[in-house]
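The structure under discussion appears below in the form of structure tokens.
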Amino acid sequence: MTHSPPGLTIPSGLSPQRRRLLTELAARNDADHGEDLLGLVLSGSVGRGVATERSDLDVYVVLTDGGMGGRRTTRSPDVDEIPVPLSRLEEVPPFGSGGWWFRWSFAWVSRSSLTAPRAGCR
């Protein structure tokens with residue numbers, strides 16, 4: 001059994017399988033990144049509460065800029081794990097410019113975040 005890292009909050013209403021996947025992902029990232037792991041954000045249809053049984057998990061792994069260390073997005077049928085530095089989340093590209101859509105991924109952060117609150121509530 002994988003134990004949840006301190007501060008991990010998983011949204012209610014997720015299936016036991018999705019809860020297990022998120023707990024394992026959080027524990028692995030906590031072990032791999034330590035203090036460089038600032039948080040996890042559950043996004044996509046599962047994060048918005050509109051998932052079907054065929055939906056995958058879209059999880060942003062929020063790291064310090066120094067903690068990125070060449071990390072790249074990994075995809076599987078069950079989980080897309082997307083590393084992102086906190087500095088990228090703090091930037092808001094102008095509407096219509098390249099990347100402006102990225103912020104919409106986090107429109108439901110307040111109710112769908114998996115948090116390991118190390119970012120000082122930024």
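Residue numbers start at 1 in each chain; chains themselves are named A, B, ... in the order of the structure tokens; ligands are numbered from 1 in the order shown.
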
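Residues in contact with Pro85 of chain A at 8 Å, where only C-alpha atoms are counted and same-chain residues fewer than 4 positions away are skipped, are listed as Val62, Leu63, Thr64, Asp65, Gly67, Met68 and Leu89 of chain A.
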
Produce a file of the selected residues containing C-alpha atoms, as a CSV table (one decimal), in the first residue's frame.
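Output below, filename again-v4.csv:
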```csv
chain,number,residue,atom,x,y,z
A,62,VAL,CA,4.6,21.7,-10.4
A,63,LEU,CA,8.3,22.0,-9.7
A,64,THR,CA,10.8,24.7,-8.8
A,65,ASP,CA,12.6,25.9,-11.9
A,67,GLY,CA,13.8,20.9,-10.1
A,68,MET,CA,12.8,20.6,-13.7
A,89,LEU,CA,2.2,29.1,-14.1
```

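Among A:Val59, A:Glu90, A:Gly96, A:Gly44, the residue with the shortest atom-to-atom distance to Arg75 of chain A, counting only C-alpha atoms, is A:Val59.
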
Requested in this report: Go through A:Leu40, A:Thr52, A:Gly34, A:Leu21 and flag the residue nearest Asp78 of chain A, using only C-alpha atoms for the distances.
Outcome: A:Leu21

When DSSP is applied to the backbone of this structure, which of segment 51-98 of chain A are assigned strand (DSSP E)? Write them out as a PDB file with C-alpha atoms, in the first residue's frame.
```pdb
ATOM      1  CA  LEU A  57      -5.856  11.529 -15.591  1.00  0.00           C
ATOM      2  CA  ASP A  58      -4.098  14.753 -16.591  1.00  0.00           C
ATOM      3  CA  VAL A  59      -1.737  15.732 -13.780  1.00  0.00           C
ATOM      4  CA  TYR A  60       0.562  18.752 -13.803  1.00  0.00           C
ATOM      5  CA  VAL A  61       3.626  18.199 -11.621  1.00  0.00           C
ATOM      6  CA  VAL A  62       4.565  21.689 -10.381  1.00  0.00           C
ATOM      7  CA  LEU A  63       8.294  21.962  -9.691  1.00  0.00           C
ATOM      8  CA  THR A  74       4.953  11.145 -19.971  1.00  0.00           C
ATOM      9  CA  ARG A  75       1.754   9.655 -21.332  1.00  0.00           C
ATOM     10  CA  VAL A  79      -2.194   9.033 -16.726  1.00  0.00           C
ATOM     11  CA  ASP A  80      -0.623  11.985 -18.514  1.00  0.00           C
ATOM     12  CA  GLU A  81       2.049  13.441 -16.212  1.00  0.00           C
ATOM     13  CA  ILE A  82       3.046  16.956 -17.265  1.00  0.00           C
ATOM     14  CA  PRO A  83       5.970  18.604 -15.433  1.00  0.00           C
ATOM     15  CA  VAL A  84       5.785  22.393 -15.305  1.00  0.00           C
ATOM     16  CA  PRO A  85       7.912  24.970 -13.475  1.00  0.00           C
TER      17      PRO A  85
END
```

Report task. Could you give me, as a ChimeraX atom specification, each residue of segment 5-119 of chain A that DSSP assigns to helix (DSSP H, G or I) when run on this structure's backbone? Result -> /A:16-36,44-48,86-90,100-106,109-112
